[in-house]
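> Once you've had a glance at the structure underneath, I'll fire off some questions.
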Amino acid sequence: MPAPTAAAPPPASIEVRGLTKSYGDHRVLRGIDLTVPRGTVFALLGPNGAGKTTLVRALATLQPFDGGTARVEGRDVRTQPAAVRGLIGLTGQYASVDELLTGEENLVMVGRLLHLGRARARRRAAELLDRFDLTAAARRQTRTYSGGMRRRLDLAASLMASPPVVFLDEPTTGLDPRSRRTMWDVVRAMVADGTTVLLTTQYLEEADRLADRIAVLHGGRVATEGTAAELKAQVGRERVTLTLARPADLPAAARLLRAADPQADPADGTLSLPLHRTDDLRALLNALADARLPVTAVRITAPTLDDVFFAVTAPAELETAR
Amino acid sequence: MTTVSQAVTPERISPINTIQHGLIATSRSLLRLRSNPAEIIGLTFQPLMFVALFVFVFGQALMGSWQDYRDFVLPGIIVQMVAFATIGTGMTLFTDIDKGIFDRFRSLPIARSAPLIGAVLGDLVRYVLSLVVILVVGFLIGFRPPGGVVGTLAGAGVVLIFALALCWIWVYLGLIAKTAMTLQMYAMTLMFPLTFGGSTFVSPEQMPDWMAWFASVNPVTSVTDTVRGLMLGGPVAGPFAMTLLWSAAIAVVFFPLAVRAYVRRT
């Protein structure tokens, strides 16, 4: 995205500073800081009970919070909740559609509550039903919809007013793989239109595929934050695993490459070492070939968000030590 | 598509907007009624059954003539059935909140009370429906109130005023109830004494003193006596004043309680 002035940082759509929330003695959010640039997807990743939903509900004005500040498009969530509600769309964990109404009626009702007027509400509803592949089911009661259809209708309802900011609380939880992919396409299309999306998810793949930036929430704090690549780099770099033709060559190969800090696995007959640059791979294979230590397979493994997730969320001691 | 919000984003929501939002939420309730024929059957059958049971089972025994009892009891059944219908308002609300549809409303820039007002106004249609069923059944079995059409309509109006106040108790209970079972229990323990311990089915003069006292302060007695006065003839002013007083008192206490419970409920 070309910036008007090279040095200016992109304007923030959502800004959270030191947000705290407790339920009695239970401190759900212990000081959250987040900045979501306009027109980007930000994923909140975390295990169950990490406070993802509480944070989204607080930002969507549904849940009062104890301390800190939160601004959406420059409006203070605490002091200007009505203005914030005019700027956001929210799709919760459970599709909030009226089961006895048809898909179209659901959307038109929301549109009219948003002062679109009957005719414009109808037009906008038709537009969104078409975009979310629901036109054929538009006149059916939503209780006959599948989980994926409901979720799409719910998202369509949050988009009736074309809000600049959309919150998605676990948008694909419980959906089958096909519906999940449809949902991803929908989110990508929204962002392509300039919408800012804050989503929560338990699925690492989802965050990896959709989000520009990811924050891992753990124990009510942002445990780590960055792009998917940055987070992966935190836990390590790519590794190459070489399978030798003759397992007996393993000690010789390890000696040859000892400068690269190899790890030998005699059970598999493999040698694994960190890969700093792709060029290293050629040098590595050449060296082994020159020493007549033939290699039958080469596998390169990149760290996944799983590695990040487990590295960040696993040790409970870490939390109490802070 | 642009990223500019098309919605009106007022800092404060005017009373006119509140009414407008309430009416839109009302049309939702009507659409729901249309899509749920089972509920219409339920709303029609219950009044029908009550008229038949009371007039033909107790009529002869209580007044020596089922025709006399029919005229006496029909205004009472109207009050009871409409009062029962107000429970449904709380039940619907409870399910709505349970299913998350109210999260949608609450994240929209609309008046906080609009979904509640909508639920109540929408249910007014259901109250009218049970009322009409009783009057039609009454007419078929020979109920010809001396008050005529005017008296009958006026009586119906009084019942609806009371129902519009009473339903806020159910809105409130529907919002604070943890389970549907609790709500059902509230309904039984509150509505049975109220609707039977009054002038609904027999004159309080035939009750023991303590029960007659309860009946005399029971708002249902005031409403029933007003409706009876309007439809059959008799004093209206006294019981009507009491009805208005009770309705105002219930609304003044439970409307704010309900709105507060609604805003707090997360």
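Letters A, B, ... mark the chains of the structure tokens in the order given; residue numbers begin at 1 per chain; ligand numbers begin at 1, in order shown.
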Identify all chain A residues at most 7 Å from chain B by counting only C-alpha atoms; ligands do not count. Present them as a PyMOL selection string.
chain A and resi 60-63+80+82-83+85-87+90+94+96-98+100-101+109+113-115+161-164+193-195
> Output the selection as a short mmCIF file (atom, residue, chain, number, x, y, z; two decimals), in the first residue's frame - N, CA, C and O atoms for each residue.

data_model
loop_
_atom_site.label_atom_id
_atom_site.label_comp_id
_atom_site.auth_asym_id
_atom_site.auth_seq_id
_atom_site.Cartn_x
_atom_site.Cartn_y
_atom_site.Cartn_z
N ALA A 60 -16.22 -3.73 21.57
CA ALA A 60 -17.50 -3.56 20.87
C ALA A 60 -18.54 -2.90 21.77
O ALA A 60 -19.73 -2.92 21.45
N THR A 61 -18.15 -2.36 22.89
CA THR A 61 -19.01 -1.66 23.86
C THR A 61 -20.00 -2.57 24.57
O THR A 61 -20.92 -2.08 25.23
N LEU A 62 -19.83 -3.89 24.45
CA LEU A 62 -20.80 -4.78 25.09
C LEU A 62 -20.39 -5.12 26.52
O LEU A 62 -21.18 -5.65 27.29
N GLN A 63 -19.15 -4.82 26.86
CA GLN A 63 -18.63 -5.28 28.14
C GLN A 63 -17.83 -4.14 28.78
O GLN A 63 -16.81 -3.73 28.23
N GLN A 80 -17.66 7.42 24.37
CA GLN A 80 -18.48 7.65 23.17
C GLN A 80 -18.99 6.32 22.61
O GLN A 80 -18.78 6.02 21.43
N ALA A 82 -21.90 5.19 21.79
CA ALA A 82 -22.87 5.22 20.69
C ALA A 82 -22.15 5.47 19.36
O ALA A 82 -22.45 4.84 18.35
N ALA A 83 -21.16 6.36 19.39
CA ALA A 83 -20.41 6.64 18.17
C ALA A 83 -19.63 5.41 17.73
O ALA A 83 -19.57 5.09 16.54
N ARG A 85 -20.43 2.32 18.33
CA ARG A 85 -21.37 1.34 17.76
C ARG A 85 -21.73 1.67 16.32
O ARG A 85 -22.08 0.78 15.54
N GLY A 86 -21.66 2.96 15.96
CA GLY A 86 -21.94 3.35 14.59
C GLY A 86 -20.81 3.02 13.63
O GLY A 86 -20.97 3.11 12.42
N LEU A 87 -19.65 2.65 14.18
CA LEU A 87 -18.47 2.44 13.33
C LEU A 87 -18.08 0.97 13.23
O LEU A 87 -17.18 0.63 12.49
N LEU A 90 -20.13 -6.43 14.45
CA LEU A 90 -19.68 -7.49 15.35
C LEU A 90 -20.31 -8.81 14.95
O LEU A 90 -21.52 -8.90 14.77
N TYR A 94 -21.46 -17.07 18.57
CA TYR A 94 -22.70 -17.74 18.22
C TYR A 94 -23.47 -16.83 17.30
O TYR A 94 -23.65 -15.66 17.60
N SER A 96 -25.83 -14.61 15.80
CA SER A 96 -27.01 -13.96 16.39
C SER A 96 -27.97 -13.54 15.30
O SER A 96 -28.06 -12.39 14.95
N VAL A 97 -28.66 -14.53 14.76
CA VAL A 97 -29.70 -14.25 13.78
C VAL A 97 -31.02 -14.77 14.35
O VAL A 97 -31.02 -15.66 15.20
N ASP A 98 -32.12 -14.16 13.90
CA ASP A 98 -33.42 -14.60 14.38
C ASP A 98 -33.85 -15.82 13.58
O ASP A 98 -34.03 -15.76 12.38
N LEU A 100 -36.57 -17.45 13.39
CA LEU A 100 -37.92 -17.50 12.83
C LEU A 100 -38.07 -16.56 11.63
O LEU A 100 -39.06 -16.61 10.92
N LEU A 101 -37.07 -15.70 11.45
CA LEU A 101 -37.12 -14.80 10.31
C LEU A 101 -36.31 -15.40 9.15
O LEU A 101 -35.42 -16.21 9.36
N MET A 109 -34.12 -5.98 8.70
CA MET A 109 -34.40 -5.44 10.04
C MET A 109 -33.19 -4.67 10.57
O MET A 109 -33.32 -3.54 11.04
N LEU A 113 -32.89 -0.66 11.38
CA LEU A 113 -32.45 -0.14 12.67
C LEU A 113 -31.28 0.82 12.50
O LEU A 113 -31.04 1.69 13.32
N LEU A 114 -30.56 0.67 11.40
CA LEU A 114 -29.42 1.55 11.11
C LEU A 114 -29.84 2.75 10.27
O LEU A 114 -28.99 3.43 9.72
N HIS A 115 -31.15 2.98 10.14
CA HIS A 115 -31.68 4.13 9.41
C HIS A 115 -31.34 4.10 7.94
O HIS A 115 -31.16 5.14 7.32
N ALA A 161 -24.20 -1.74 7.45
CA ALA A 161 -23.90 -0.31 7.41
C ALA A 161 -22.53 -0.03 6.83
O ALA A 161 -22.04 1.08 6.92
N SER A 162 -21.89 -1.03 6.20
CA SER A 162 -20.52 -0.90 5.71
C SER A 162 -19.61 -0.28 6.76
O SER A 162 -19.00 0.75 6.53
N PRO A 163 -19.53 -0.88 7.95
CA PRO A 163 -18.71 -0.28 9.00
C PRO A 163 -17.23 -0.35 8.65
O PRO A 163 -16.80 -1.32 8.01
N PRO A 164 -16.46 0.66 9.04
CA PRO A 164 -15.03 0.64 8.74
C PRO A 164 -14.25 -0.38 9.58
O PRO A 164 -13.15 -0.74 9.22
N ASP A 193 -11.44 -4.17 0.47
CA ASP A 193 -12.28 -2.97 0.38
C ASP A 193 -11.86 -1.90 1.37
O ASP A 193 -12.48 -0.84 1.44
N GLY A 194 -10.88 -2.19 2.20
CA GLY A 194 -10.40 -1.16 3.13
C GLY A 194 -10.90 -1.31 4.55
O GLY A 194 -10.62 -0.47 5.39
N THR A 195 -11.65 -2.38 4.84
CA THR A 195 -12.16 -2.58 6.19
C THR A 195 -11.02 -3.05 7.11
O THR A 195 -10.15 -3.79 6.69
#
> Compile the contact shell of stretch 206-215 of chain B as a VMD selection string: residues with an atom at most 12 Å away, counting only C-alpha atoms, same-chain residues fewer than 4 positions apart removed.
chain B and resid 62 193 to 202 219 to 225
> As an exercise, work out the distance from atom CA of A:Arg209 to atom CA of A:Trp184 in Å and give it to one decimal place.
8.4 Å
> Which residues are close to A:Gly147, i.e. within 8 Å by only C-alpha atoms, leaving aside same-chain residues fewer than 4 positions away? Reply as a list in words.
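In the requested format, the answer is Arg151, Gly174 and Leu175 of chain A.
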> Could you please write out, as a list of chain:residue names, every residue of stretch 72-127 of chain A that DSSP assigns to strand (DSSP E)?
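Listing strand (DSSP E) positions across stretch 72-127 of chain A yields A:Val72, A:Arg75, A:Asp76, A:Ile88, A:Gly89, A:Leu90, A:Thr91.
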> How would the residues just chosen look if you wrote them out with N, CA and C atoms as a compact mmCIF listing (two decimals), in the first residue's frame?

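Wrote it out as again-v7.txt, contents follow:
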# COMPACT_ATOMS: atom_id res chain seq x y z
N VAL A 72 -11.61 3.39 18.98
CA VAL A 72 -11.90 2.80 17.68
C VAL A 72 -12.11 3.95 16.72
N ARG A 75 -12.51 7.21 18.33
CA ARG A 75 -13.58 7.44 19.33
C ARG A 75 -13.31 6.59 20.55
N ASP A 76 -13.53 7.21 21.71
CA ASP A 76 -13.28 6.51 22.97
C ASP A 76 -14.41 5.53 23.26
N ILE A 88 -18.73 0.13 14.02
CA ILE A 88 -18.27 -1.26 14.08
C ILE A 88 -19.35 -2.23 13.60
N GLY A 89 -18.89 -3.40 13.19
CA GLY A 89 -19.77 -4.53 12.98
C GLY A 89 -19.24 -5.63 13.87
N LEU A 90 -20.13 -6.43 14.45
CA LEU A 90 -19.68 -7.49 15.35
C LEU A 90 -20.31 -8.81 14.95
N THR A 91 -19.49 -9.82 14.81
CA THR A 91 -20.01 -11.16 14.60
C THR A 91 -19.47 -12.02 15.73
> Apply DSSP to the backbone of this structure and, from stretch 39-170 of chain A, keep only the residues in helix (DSSP H, G or I); write these as a VMD selection string.
chain A and resid 52 to 59 81 to 85 103 to 113 118 to 131 135 to 137 142 to 144 147 to 158
> So that I can check the surroundings of B:Leu135, please list as a VMD selection string every protein, DNA and RNA residue that reaches within 9 Å of it, counting only C-alpha atoms and ignoring chain neighbours fewer than 5 positions away.
chain B and resid 74 78 130 140 143 152
> List the spatial neighbours of stretch 41-48 of chain A as a PyMOL selection string - criterion: any atom at most 10 Å away, only C-alpha atoms, same-chain residues fewer than 2 positions off excluded.
chain A and resi 14+34-39+50-53+55-56+166-170+187-188+190-191+195-204+206-208+210-220+222-227+309+312-313
> Interatomic distance between atom CA of B:Val236 and atom CA of B:Pro47?
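Straight-line distance from atom CA of B:Val236 to atom CA of B:Pro47 works out to 24.8 Å.
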> Show which residues sit within 12 Å of A:Pro251, as a ChimeraX atom specification. Count only C-alpha atoms, and ignore same-chain residues fewer than 5 positions away.
/A:244,246,256-258,262-266,269-271,293
> For N, CA, C and O atoms, I'd like the residues from the last selection saved as a PDB file, in the first residue's frame.

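Dumped everything to again.pdb:
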ATOM      1  N   LEU A 244      20.709 -39.818   5.128  1.00  0.00           N
ATOM      2  CA  LEU A 244      21.898 -40.376   4.472  1.00  0.00           C
ATOM      3  C   LEU A 244      21.587 -41.756   3.887  1.00  0.00           C
ATOM      4  O   LEU A 244      20.790 -42.513   4.452  1.00  0.00           O
ATOM      5  N   ARG A 246      23.559 -44.305   3.731  1.00  0.00           N
ATOM      6  CA  ARG A 246      24.067 -45.344   4.631  1.00  0.00           C
ATOM      7  C   ARG A 246      24.093 -44.761   6.051  1.00  0.00           C
ATOM      8  O   ARG A 246      24.887 -43.860   6.337  1.00  0.00           O
ATOM      9  N   LEU A 256      32.077 -33.798   9.578  1.00  0.00           N
ATOM     10  CA  LEU A 256      32.330 -32.913   8.440  1.00  0.00           C
ATOM     11  C   LEU A 256      31.622 -31.555   8.609  1.00  0.00           C
ATOM     12  O   LEU A 256      32.163 -30.511   8.272  1.00  0.00           O
ATOM     13  N   LEU A 257      30.392 -31.637   9.126  1.00  0.00           N
ATOM     14  CA  LEU A 257      29.578 -30.414   9.196  1.00  0.00           C
ATOM     15  C   LEU A 257      29.532 -29.825  10.604  1.00  0.00           C
ATOM     16  O   LEU A 257      28.643 -29.050  10.925  1.00  0.00           O
ATOM     17  N   ARG A 258      30.502 -30.180  11.431  1.00  0.00           N
ATOM     18  CA  ARG A 258      30.386 -29.812  12.846  1.00  0.00           C
ATOM     19  C   ARG A 258      30.287 -28.305  13.077  1.00  0.00           C
ATOM     20  O   ARG A 258      29.698 -27.855  14.049  1.00  0.00           O
ATOM     21  N   PRO A 262      25.242 -29.589  13.881  1.00  0.00           N
ATOM     22  CA  PRO A 262      24.243 -30.566  13.446  1.00  0.00           C
ATOM     23  C   PRO A 262      23.736 -31.427  14.607  1.00  0.00           C
ATOM     24  O   PRO A 262      24.421 -31.564  15.629  1.00  0.00           O
ATOM     25  N   GLN A 263      22.535 -31.979  14.447  1.00  0.00           N
ATOM     26  CA  GLN A 263      22.003 -32.945  15.409  1.00  0.00           C
ATOM     27  C   GLN A 263      21.768 -34.243  14.671  1.00  0.00           C
ATOM     28  O   GLN A 263      21.030 -34.266  13.678  1.00  0.00           O
ATOM     29  N   ALA A 264      22.409 -35.302  15.135  1.00  0.00           N
ATOM     30  CA  ALA A 264      22.283 -36.588  14.456  1.00  0.00           C
ATOM     31  C   ALA A 264      21.183 -37.403  15.120  1.00  0.00           C
ATOM     32  O   ALA A 264      21.001 -37.366  16.340  1.00  0.00           O
ATOM     33  N   ASP A 265      20.411 -38.082  14.296  1.00  0.00           N
ATOM     34  CA  ASP A 265      19.384 -38.983  14.826  1.00  0.00           C
ATOM     35  C   ASP A 265      19.680 -40.378  14.283  1.00  0.00           C
ATOM     36  O   ASP A 265      19.277 -40.707  13.153  1.00  0.00           O
ATOM     37  N   PRO A 266      20.410 -41.190  15.054  1.00  0.00           N
ATOM     38  CA  PRO A 266      20.840 -42.495  14.534  1.00  0.00           C
ATOM     39  C   PRO A 266      19.648 -43.397  14.200  1.00  0.00           C
ATOM     40  O   PRO A 266      19.743 -44.216  13.286  1.00  0.00           O
ATOM     41  N   GLY A 269      18.656 -42.301  10.857  1.00  0.00           N
ATOM     42  CA  GLY A 269      19.756 -42.097   9.935  1.00  0.00           C
ATOM     43  C   GLY A 269      19.735 -40.692   9.353  1.00  0.00           C
ATOM     44  O   GLY A 269      20.079 -40.470   8.203  1.00  0.00           O
ATOM     45  N   THR A 270      19.259 -39.729  10.144  1.00  0.00           N
ATOM     46  CA  THR A 270      19.150 -38.365   9.632  1.00  0.00           C
ATOM     47  C   THR A 270      20.022 -37.408  10.425  1.00  0.00           C
ATOM     48  O   THR A 270      20.355 -37.655  11.582  1.00  0.00           O
ATOM     49  N   LEU A 271      20.325 -36.304   9.765  1.00  0.00           N
ATOM     50  CA  LEU A 271      21.125 -35.242  10.344  1.00  0.00           C
ATOM     51  C   LEU A 271      20.325 -33.952  10.154  1.00  0.00           C
ATOM     52  O   LEU A 271      19.860 -33.684   9.055  1.00  0.00           O
ATOM     53  N   LEU A 293      29.609 -39.050   0.807  1.00  0.00           N
ATOM     54  CA  LEU A 293      28.587 -39.419   1.804  1.00  0.00           C
ATOM     55  C   LEU A 293      27.230 -39.154   1.161  1.00  0.00           C
ATOM     56  O   LEU A 293      26.679 -38.060   1.283  1.00  0.00           O
TER      57      LEU A 293
END
